[in-house]
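Next up, input_36.pdb (PDB, C-alpha atoms):
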```pdb
ATOM      1  CA  MET A   1       4.905  -7.883   9.080
ATOM      2  CA  GLU A   2       5.203 -11.627   9.477
ATOM      3  CA  ILE A   3       2.367 -14.145   9.378
ATOM      4  CA  ARG A   4       2.978 -17.456  11.088
ATOM      5  CA  ARG A   5       1.300 -20.230  13.031
ATOM      6  CA  ALA A   6       0.371 -19.183  16.527
ATOM      7  CA  ARG A   7       2.460 -20.472  19.417
ATOM      8  CA  GLU A   8       1.702 -20.759  23.111
ATOM      9  CA  GLU A   9       3.693 -17.605  23.816
ATOM     10  CA  ASP A  10       1.093 -15.708  21.720
ATOM     11  CA  ILE A  11      -1.774 -16.559  24.061
ATOM     12  CA  GLU A  12      -1.590 -13.409  26.181
ATOM     13  CA  GLN A  13      -1.355 -11.026  23.224
ATOM     14  CA  THR A  14      -4.194 -12.673  21.279
ATOM     15  CA  LEU A  15      -6.282 -12.600  24.464
ATOM     16  CA  SER A  16      -5.618  -8.870  24.789
ATOM     17  CA  ILE A  17      -6.781  -8.285  21.202
ATOM     18  CA  TYR A  18      -9.929 -10.344  21.795
ATOM     19  CA  ASN A  19     -10.784  -8.748  25.138
ATOM     20  CA  ASP A  20     -10.416  -5.279  23.631
ATOM     21  CA  GLU A  21     -13.160  -6.228  21.175
ATOM     22  CA  VAL A  22     -15.264  -7.669  24.017
ATOM     23  CA  GLU A  23     -15.050  -4.334  25.828
ATOM     24  CA  HIS A  24     -15.307  -1.909  22.908
ATOM     25  CA  GLY A  25     -16.715  -3.614  19.822
ATOM     26  CA  VAL A  26     -19.364  -5.909  18.451
ATOM     27  CA  ALA A  27     -17.244  -8.268  16.333
ATOM     28  CA  THR A  28     -17.778 -10.694  19.205
ATOM     29  CA  LEU A  29     -20.979 -10.954  21.161
ATOM     30  CA  ASP A  30     -19.122 -12.004  24.293
ATOM     31  CA  ILE A  31     -19.880  -9.439  26.972
ATOM     32  CA  HIS A  32     -17.360 -10.557  29.602
ATOM     33  CA  ASN A  33     -13.607 -10.674  29.122
ATOM     34  CA  LYS A  34     -12.065 -14.106  28.780
ATOM     35  CA  THR A  35      -9.605 -15.112  31.465
ATOM     36  CA  LEU A  36      -6.118 -16.306  30.653
ATOM     37  CA  GLU A  37      -7.142 -19.824  31.705
ATOM     38  CA  GLU A  38     -10.218 -19.786  29.429
ATOM     39  CA  TRP A  39      -8.176 -18.436  26.542
ATOM     40  CA  ARG A  40      -5.439 -21.024  27.022
ATOM     41  CA  GLU A  41      -8.116 -23.742  26.858
ATOM     42  CA  TRP A  42      -9.492 -22.170  23.641
ATOM     43  CA  PHE A  43      -5.988 -22.036  22.169
ATOM     44  CA  LEU A  44      -5.135 -25.625  23.062
ATOM     45  CA  HIS A  45      -8.462 -26.813  21.606
ATOM     46  CA  HIS A  46      -7.154 -25.823  18.172
ATOM     47  CA  ASP A  47      -5.109 -28.400  16.339
ATOM     48  CA  GLU A  48      -2.671 -27.592  13.582
ATOM     49  CA  ASP A  49      -4.321 -29.932  11.078
ATOM     50  CA  THR A  50      -7.945 -28.807  10.844
ATOM     51  CA  HIS A  51      -8.283 -25.920  13.307
ATOM     52  CA  PRO A  52      -5.177 -23.748  12.991
ATOM     53  CA  ILE A  53      -4.520 -20.292  14.381
ATOM     54  CA  TYR A  54      -2.292 -17.820  12.554
ATOM     55  CA  VAL A  55      -0.972 -14.532  13.908
ATOM     56  CA  SER A  56       0.434 -11.448  12.276
ATOM     57  CA  GLN A  57       3.426  -9.998  14.021
ATOM     58  CA  ASP A  58       5.259  -6.670  13.922
ATOM     59  CA  GLY A  59       8.490  -7.023  15.884
ATOM     60  CA  ASP A  60       7.523  -8.605  19.188
ATOM     61  CA  ARG A  61       3.891  -7.489  18.952
ATOM     62  CA  VAL A  62       1.044  -9.685  17.743
ATOM     63  CA  THR A  63      -1.064  -7.397  15.558
ATOM     64  CA  GLY A  64      -3.903  -9.779  14.736
ATOM     65  CA  TYR A  65      -4.973 -13.387  14.509
ATOM     66  CA  VAL A  66      -7.230 -15.641  12.504
ATOM     67  CA  SER A  67      -8.509 -19.085  13.447
ATOM     68  CA  LEU A  68     -10.571 -21.968  12.189
ATOM     69  CA  SER A  69     -12.658 -23.559  14.921
ATOM     70  CA  PRO A  70     -15.096 -26.458  14.964
ATOM     71  CA  TYR A  71     -18.449 -25.244  13.648
ATOM     72  CA  ARG A  72     -20.605 -27.478  15.859
ATOM     73  CA  GLU A  73     -19.944 -30.460  18.108
ATOM     74  CA  LYS A  74     -22.001 -33.042  16.205
ATOM     75  CA  GLU A  75     -19.806 -35.359  14.110
ATOM     76  CA  ALA A  76     -21.636 -34.664  10.850
ATOM     77  CA  TYR A  77     -20.255 -31.103  10.976
ATOM     78  CA  CYS A  78     -16.605 -32.204  11.170
ATOM     79  CA  SER A  79     -15.749 -30.919   7.663
ATOM     80  CA  THR A  80     -17.163 -27.459   8.405
ATOM     81  CA  VAL A  81     -15.112 -24.855  10.259
ATOM     82  CA  GLU A  82     -15.873 -21.373  11.581
ATOM     83  CA  LEU A  83     -13.489 -18.561  10.775
ATOM     84  CA  SER A  84     -12.701 -15.829  13.312
ATOM     85  CA  LEU A  85     -10.486 -12.824  12.618
ATOM     86  CA  TYR A  86      -9.413 -10.032  14.975
ATOM     87  CA  ILE A  87      -6.981  -7.187  14.390
ATOM     88  CA  HIS A  88      -5.338  -5.082  17.105
ATOM     89  CA  ARG A  89      -7.040  -1.684  17.191
ATOM     90  CA  GLU A  90      -3.798   0.183  16.377
ATOM     91  CA  TYR A  91      -3.111  -1.943  13.275
ATOM     92  CA  ARG A  92      -6.443  -1.842  11.459
ATOM     93  CA  LYS A  93      -6.721  -0.658   7.842
ATOM     94  CA  GLN A  94      -3.156  -1.729   7.042
ATOM     95  CA  GLY A  95      -3.891  -4.870   5.008
ATOM     96  CA  ILE A  96      -3.294  -7.265   7.906
ATOM     97  CA  ALA A  97      -6.814  -8.707   7.823
ATOM     98  CA  GLY A  98      -6.491  -9.516   4.125
ATOM     99  CA  ALA A  99      -3.102 -11.157   4.598
ATOM    100  CA  LEU A 100      -4.386 -13.283   7.471
ATOM    101  CA  MET A 101      -7.517 -14.209   5.522
ATOM    102  CA  GLU A 102      -5.477 -15.206   2.483
ATOM    103  CA  THR A 103      -3.244 -17.406   4.635
ATOM    104  CA  ILE A 104      -6.002 -19.274   6.434
ATOM    105  CA  ILE A 105      -8.117 -19.788   3.310
ATOM    106  CA  ALA A 106      -5.115 -21.207   1.455
ATOM    107  CA  ASP A 107      -4.572 -23.557   4.386
ATOM    108  CA  ALA A 108      -8.228 -24.650   4.330
ATOM    109  CA  VAL A 109      -8.387 -25.061   0.543
ATOM    110  CA  HIS A 110      -5.475 -27.503   0.631
ATOM    111  CA  ASN A 111      -6.891 -29.447   3.562
ATOM    112  CA  PRO A 112      -8.946 -32.459   2.399
ATOM    113  CA  ARG A 113     -10.731 -32.614   5.785
ATOM    114  CA  ILE A 114     -12.293 -29.161   5.300
ATOM    115  CA  HIS A 115     -15.204 -28.637   2.911
ATOM    116  CA  THR A 116     -17.025 -25.512   4.164
ATOM    117  CA  ILE A 117     -15.860 -22.377   5.969
ATOM    118  CA  VAL A 118     -18.527 -20.407   7.832
ATOM    119  CA  SER A 119     -18.180 -16.893   9.165
ATOM    120  CA  VAL A 120     -20.631 -15.041  11.395
ATOM    121  CA  ILE A 121     -20.468 -11.256  11.075
ATOM    122  CA  THR A 122     -22.330  -8.846  13.314
ATOM    123  CA  ARG A 123     -24.581  -6.762  11.065
ATOM    124  CA  GLY A 124     -23.080  -3.370  10.353
ATOM    125  CA  ASN A 125     -19.449  -4.519  10.304
ATOM    126  CA  GLU A 126     -18.993  -3.361   6.716
ATOM    127  CA  ALA A 127     -15.210  -3.837   6.687
ATOM    128  CA  SER A 128     -15.591  -7.506   7.605
ATOM    129  CA  THR A 129     -18.399  -7.993   5.105
ATOM    130  CA  ARG A 130     -16.308  -6.493   2.275
ATOM    131  CA  LEU A 131     -13.299  -8.602   3.263
ATOM    132  CA  HIS A 132     -15.278 -11.837   3.239
ATOM    133  CA  GLU A 133     -16.920 -11.044  -0.081
ATOM    134  CA  LYS A 134     -13.507 -10.194  -1.571
ATOM    135  CA  PHE A 135     -12.376 -13.731  -0.696
ATOM    136  CA  GLY A 136     -15.441 -15.390  -2.225
ATOM    137  CA  PHE A 137     -17.673 -15.826   0.808
ATOM    138  CA  VAL A 138     -21.372 -15.775  -0.027
ATOM    139  CA  PHE A 139     -24.082 -14.287   2.179
ATOM    140  CA  CYS A 140     -26.456 -17.032   3.326
ATOM    141  CA  GLY A 141     -28.789 -15.433   5.844
ATOM    142  CA  THR A 142     -29.418 -13.088   8.732
ATOM    143  CA  ILE A 143     -30.540 -13.948  12.218
ATOM    144  CA  HIS A 144     -32.234 -10.865  13.606
ATOM    145  CA  GLN A 145     -31.854  -9.542  17.140
ATOM    146  CA  VAL A 146     -29.942 -12.638  18.224
ATOM    147  CA  GLY A 147     -27.706 -10.957  20.785
ATOM    148  CA  MET A 148     -27.714  -7.926  23.040
ATOM    149  CA  LYS A 149     -24.597  -5.890  23.642
ATOM    150  CA  PHE A 150     -24.164  -2.326  24.851
ATOM    151  CA  GLY A 151     -27.934  -2.150  25.475
ATOM    152  CA  LYS A 152     -28.857  -2.880  21.869
ATOM    153  CA  TYR A 153     -30.128  -5.992  20.063
ATOM    154  CA  LEU A 154     -27.809  -7.032  17.250
ATOM    155  CA  ASP A 155     -28.285  -9.077  14.096
ATOM    156  CA  ILE A 156     -25.743 -11.492  12.672
ATOM    157  CA  ASP A 157     -25.080 -12.219   9.018
ATOM    158  CA  ASN A 158     -23.902 -15.667   8.035
ATOM    159  CA  TYR A 159     -21.396 -16.182   5.235
ATOM    160  CA  GLU A 160     -20.085 -19.386   3.680
ATOM    161  CA  LEU A 161     -17.245 -20.446   1.450
ATOM    162  CA  ILE A 162     -17.697 -23.920   0.023
ATOM    163  CA  LYS A 163     -14.636 -25.543  -1.511
ATOM    164  CA  GLU A 164     -14.956 -26.887  -4.997
ATOM    165  CA  ASN A 165     -14.259 -30.597  -5.267
TER     166      ASN A 165
END
```
Show this structure as structure tokens.
Amino acid sequence: MEIRRAREEDIEQTLSIYNDEVEHGVATLDIHNKTLEEWREWFLHHDEDTHPIYVSQDGDRVTGYVSLSPYREKEAYCSTVELSLYIHREYRKQGIAGALMETIIADAVHNPRIHTIVSVITRGNEASTRLHEKFGFVFCGTIHQVGMKFGKYLDIDNYELIKEN
């Protein structure tokens, strides 16, 4: 397995991983698949300095990805990023999520423009909760029944990792 910065040629495979979760899971509360054009725009919105994307790769196959995205649009939030992590269904429980998390957190810790990393986890995703806690994220609140997917209201748990100065 190789972990590296994402490239434009990874767009289709990362989109496939994401859309699989849209259709079958609750790690994202999107309910409609993203189009290739929408995903390309999302990809190009990420810059290598503050909002990188990393992929894990096995041969020619992208097995997962992790990204840091802007937390909110208002300028005062510019030092806060939101972490997203998705693993291809066939490659889960193989340590890929931990390797991707380690890579992106190391990137963020060494970036003077980033102070806080936020992660939003759909309640009940115990694997994601354990992973975040393993890397020092702290639970900071639940928003109840904030989204509906598959005919059920879902809660989200918010986690934060604040860099020490």
How many Å lie between CA of Arg89 (chain A) and CA of Val66 (chain A), rounded to one decimal?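 Computing the Euclidean distance for CA of Arg89 (chain A) and CA of Val66 (chain A) yields 14.7 Å.
Remark: for Gly95 (chain A), the closest of the candidate residues A:Thr14, A:Ser56, A:Thr50, A:Asn158 is A:Ser56 (distances computed over only C-alpha atoms).
Among the candidates A:His24, A:Ile17, A:Met148, A:Ala6, the one nearest to Glu90 (chain A) when counting all atoms listed in the file is A:Ile17.
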Apply the PyMOL selection byres ((chain A and resi 9) around 12) to the displayed file and report the matching residues as an mmCIF file with C-alpha atoms, keeping the file's coordinate frame.
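What follows is the written file result_7.cif:
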```
data_model
loop_
_atom_site.group_PDB
_atom_site.id
_atom_site.type_symbol
_atom_site.label_atom_id
_atom_site.label_comp_id
_atom_site.auth_asym_id
_atom_site.auth_seq_id
_atom_site.Cartn_x
_atom_site.Cartn_y
_atom_site.Cartn_z
ATOM 1 C CA ARG A 5 1.300 -20.230 13.031
ATOM 2 C CA ALA A 6 0.371 -19.183 16.527
ATOM 3 C CA ARG A 7 2.460 -20.472 19.417
ATOM 4 C CA GLU A 8 1.702 -20.759 23.111
ATOM 5 C CA ASP A 10 1.093 -15.708 21.720
ATOM 6 C CA ILE A 11 -1.774 -16.559 24.061
ATOM 7 C CA GLU A 12 -1.590 -13.409 26.181
ATOM 8 C CA GLN A 13 -1.355 -11.026 23.224
ATOM 9 C CA THR A 14 -4.194 -12.673 21.279
ATOM 10 C CA LEU A 15 -6.282 -12.600 24.464
ATOM 11 C CA ARG A 40 -5.439 -21.024 27.022
ATOM 12 C CA PHE A 43 -5.988 -22.036 22.169
ATOM 13 C CA LEU A 44 -5.135 -25.625 23.062
ATOM 14 C CA VAL A 55 -0.972 -14.532 13.908
ATOM 15 C CA ASP A 60 7.523 -8.605 19.188
ATOM 16 C CA ARG A 61 3.891 -7.489 18.952
ATOM 17 C CA VAL A 62 1.044 -9.685 17.743
#
```
Pick the closest to Asp155 (chain A) from A:Ser84, A:Gln94, A:Thr116, A:Thr28: which is it, counting all atoms listed in the file?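 Using all atoms listed in the file, the shortest distance to Asp155 (chain A) belongs to A:Thr28.
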Given only C-alpha atoms as the counted atoms, nearest of A:His132, A:His144, A:His46, A:Lys152 to Leu100 (chain A):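 Closest candidate: A:His132.
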Some atoms are absent from region 83-109 of chain A, so rebuild N, CA, C and O atoms and return them as an mmCIF file, in the coordinates of the input.
```cif
data_model
loop_
_atom_site.group_PDB
_atom_site.id
_atom_site.type_symbol
_atom_site.label_atom_id
_atom_site.label_comp_id
_atom_site.auth_asym_id
_atom_site.auth_seq_id
_atom_site.Cartn_x
_atom_site.Cartn_y
_atom_site.Cartn_z
ATOM 1 N N LEU A 83 -14.612 -19.482 10.833
ATOM 2 C CA LEU A 83 -13.489 -18.561 10.775
ATOM 3 C C LEU A 83 -13.719 -17.387 11.725
ATOM 4 O O LEU A 83 -14.815 -16.837 11.789
ATOM 5 N N SER A 84 -12.678 -17.018 12.462
ATOM 6 C CA SER A 84 -12.701 -15.829 13.312
ATOM 7 C C SER A 84 -11.446 -15.020 13.022
ATOM 8 O O SER A 84 -10.360 -15.586 12.871
ATOM 9 N N LEU A 85 -11.591 -13.712 12.969
ATOM 10 C CA LEU A 85 -10.486 -12.824 12.618
ATOM 11 C C LEU A 85 -10.571 -11.562 13.463
ATOM 12 O O LEU A 85 -11.623 -10.917 13.514
ATOM 13 N N TYR A 86 -9.466 -11.227 14.133
ATOM 14 C CA TYR A 86 -9.413 -10.032 14.975
ATOM 15 C C TYR A 86 -8.086 -9.319 14.750
ATOM 16 O O TYR A 86 -7.030 -9.952 14.716
ATOM 17 N N ILE A 87 -8.157 -8.007 14.615
ATOM 18 C CA ILE A 87 -6.981 -7.187 14.390
ATOM 19 C C ILE A 87 -6.838 -6.205 15.556
ATOM 20 O O ILE A 87 -7.837 -5.582 15.972
ATOM 21 N N HIS A 88 -5.622 -6.052 16.045
ATOM 22 C CA HIS A 88 -5.338 -5.082 17.105
ATOM 23 C C HIS A 88 -5.811 -3.703 16.649
ATOM 24 O O HIS A 88 -5.588 -3.306 15.505
ATOM 25 N N ARG A 89 -6.451 -2.990 17.514
ATOM 26 C CA ARG A 89 -7.040 -1.684 17.191
ATOM 27 C C ARG A 89 -6.045 -0.732 16.505
ATOM 28 O O ARG A 89 -6.394 -0.013 15.585
ATOM 29 N N GLU A 90 -4.796 -0.738 16.924
ATOM 30 C CA GLU A 90 -3.798 0.183 16.377
ATOM 31 C C GLU A 90 -3.277 -0.233 15.000
ATOM 32 O O GLU A 90 -2.550 0.537 14.366
ATOM 33 N N TYR A 91 -3.654 -1.426 14.540
ATOM 34 C CA TYR A 91 -3.111 -1.943 13.275
ATOM 35 C C TYR A 91 -4.187 -2.166 12.217
ATOM 36 O O TYR A 91 -3.922 -2.784 11.187
ATOM 37 N N ARG A 92 -5.375 -1.664 12.434
ATOM 38 C CA ARG A 92 -6.443 -1.842 11.459
ATOM 39 C C ARG A 92 -6.204 -0.972 10.231
ATOM 40 O O ARG A 92 -5.501 0.032 10.293
ATOM 41 N N LYS A 93 -6.797 -1.373 9.126
ATOM 42 C CA LYS A 93 -6.721 -0.658 7.842
ATOM 43 C C LYS A 93 -5.296 -0.601 7.302
ATOM 44 O O LYS A 93 -4.907 0.367 6.646
ATOM 45 N N GLN A 94 -4.525 -1.653 7.554
ATOM 46 C CA GLN A 94 -3.156 -1.729 7.042
ATOM 47 C C GLN A 94 -2.931 -2.976 6.191
ATOM 48 O O GLN A 94 -1.793 -3.321 5.887
ATOM 49 N N GLY A 95 -4.014 -3.683 5.848
ATOM 50 C CA GLY A 95 -3.891 -4.870 5.008
ATOM 51 C C GLY A 95 -3.637 -6.160 5.775
ATOM 52 O O GLY A 95 -3.488 -7.223 5.167
ATOM 53 N N ILE A 96 -3.588 -6.080 7.095
ATOM 54 C CA ILE A 96 -3.294 -7.265 7.906
ATOM 55 C C ILE A 96 -4.436 -8.275 7.821
ATOM 56 O O ILE A 96 -4.193 -9.475 7.677
ATOM 57 N N ALA A 97 -5.666 -7.794 7.882
ATOM 58 C CA ALA A 97 -6.814 -8.707 7.823
ATOM 59 C C ALA A 97 -6.811 -9.500 6.519
ATOM 60 O O ALA A 97 -7.032 -10.713 6.517
ATOM 61 N N GLY A 98 -6.537 -8.827 5.412
ATOM 62 C CA GLY A 98 -6.491 -9.516 4.125
ATOM 63 C C GLY A 98 -5.385 -10.553 4.059
ATOM 64 O O GLY A 98 -5.571 -11.646 3.530
ATOM 65 N N ALA A 99 -4.224 -10.208 4.609
ATOM 66 C CA ALA A 99 -3.102 -11.157 4.598
ATOM 67 C C ALA A 99 -3.410 -12.377 5.455
ATOM 68 O O ALA A 99 -3.115 -13.512 5.070
ATOM 69 N N LEU A 100 -4.012 -12.155 6.616
ATOM 70 C CA LEU A 100 -4.386 -13.283 7.471
ATOM 71 C C LEU A 100 -5.462 -14.139 6.805
ATOM 72 O O LEU A 100 -5.407 -15.368 6.838
ATOM 73 N N MET A 101 -6.442 -13.481 6.191
ATOM 74 C CA MET A 101 -7.517 -14.209 5.522
ATOM 75 C C MET A 101 -6.962 -15.051 4.385
ATOM 76 O O MET A 101 -7.323 -16.221 4.229
ATOM 77 N N GLU A 102 -6.081 -14.470 3.594
ATOM 78 C CA GLU A 102 -5.477 -15.206 2.483
ATOM 79 C C GLU A 102 -4.737 -16.444 2.980
ATOM 80 O O GLU A 102 -4.838 -17.528 2.403
ATOM 81 N N THR A 103 -4.019 -16.295 4.074
ATOM 82 C CA THR A 103 -3.244 -17.406 4.635
ATOM 83 C C THR A 103 -4.142 -18.532 5.107
ATOM 84 O O THR A 103 -3.913 -19.707 4.782
ATOM 85 N N ILE A 104 -5.172 -18.202 5.857
ATOM 86 C CA ILE A 104 -6.002 -19.274 6.434
ATOM 87 C C ILE A 104 -6.875 -19.937 5.371
ATOM 88 O O ILE A 104 -7.125 -21.140 5.429
ATOM 89 N N ILE A 105 -7.322 -19.183 4.374
ATOM 90 C CA ILE A 105 -8.117 -19.788 3.310
ATOM 91 C C ILE A 105 -7.245 -20.720 2.477
ATOM 92 O O ILE A 105 -7.673 -21.821 2.116
ATOM 93 N N ALA A 106 -6.025 -20.321 2.187
ATOM 94 C CA ALA A 106 -5.115 -21.207 1.455
ATOM 95 C C ALA A 106 -4.889 -22.496 2.231
ATOM 96 O O ALA A 106 -4.864 -23.591 1.651
ATOM 97 N N ASP A 107 -4.744 -22.378 3.526
ATOM 98 C CA ASP A 107 -4.572 -23.557 4.386
ATOM 99 C C ASP A 107 -5.798 -24.461 4.264
ATOM 100 O O ASP A 107 -5.686 -25.670 4.062
ATOM 101 N N ALA A 108 -6.983 -23.873 4.368
ATOM 102 C CA ALA A 108 -8.228 -24.650 4.330
ATOM 103 C C ALA A 108 -8.461 -25.289 2.962
ATOM 104 O O ALA A 108 -8.910 -26.433 2.861
ATOM 105 N N VAL A 109 -8.164 -24.549 1.899
ATOM 106 C CA VAL A 109 -8.387 -25.061 0.543
ATOM 107 C C VAL A 109 -7.546 -26.312 0.284
ATOM 108 O O VAL A 109 -7.991 -27.227 -0.398
#
```
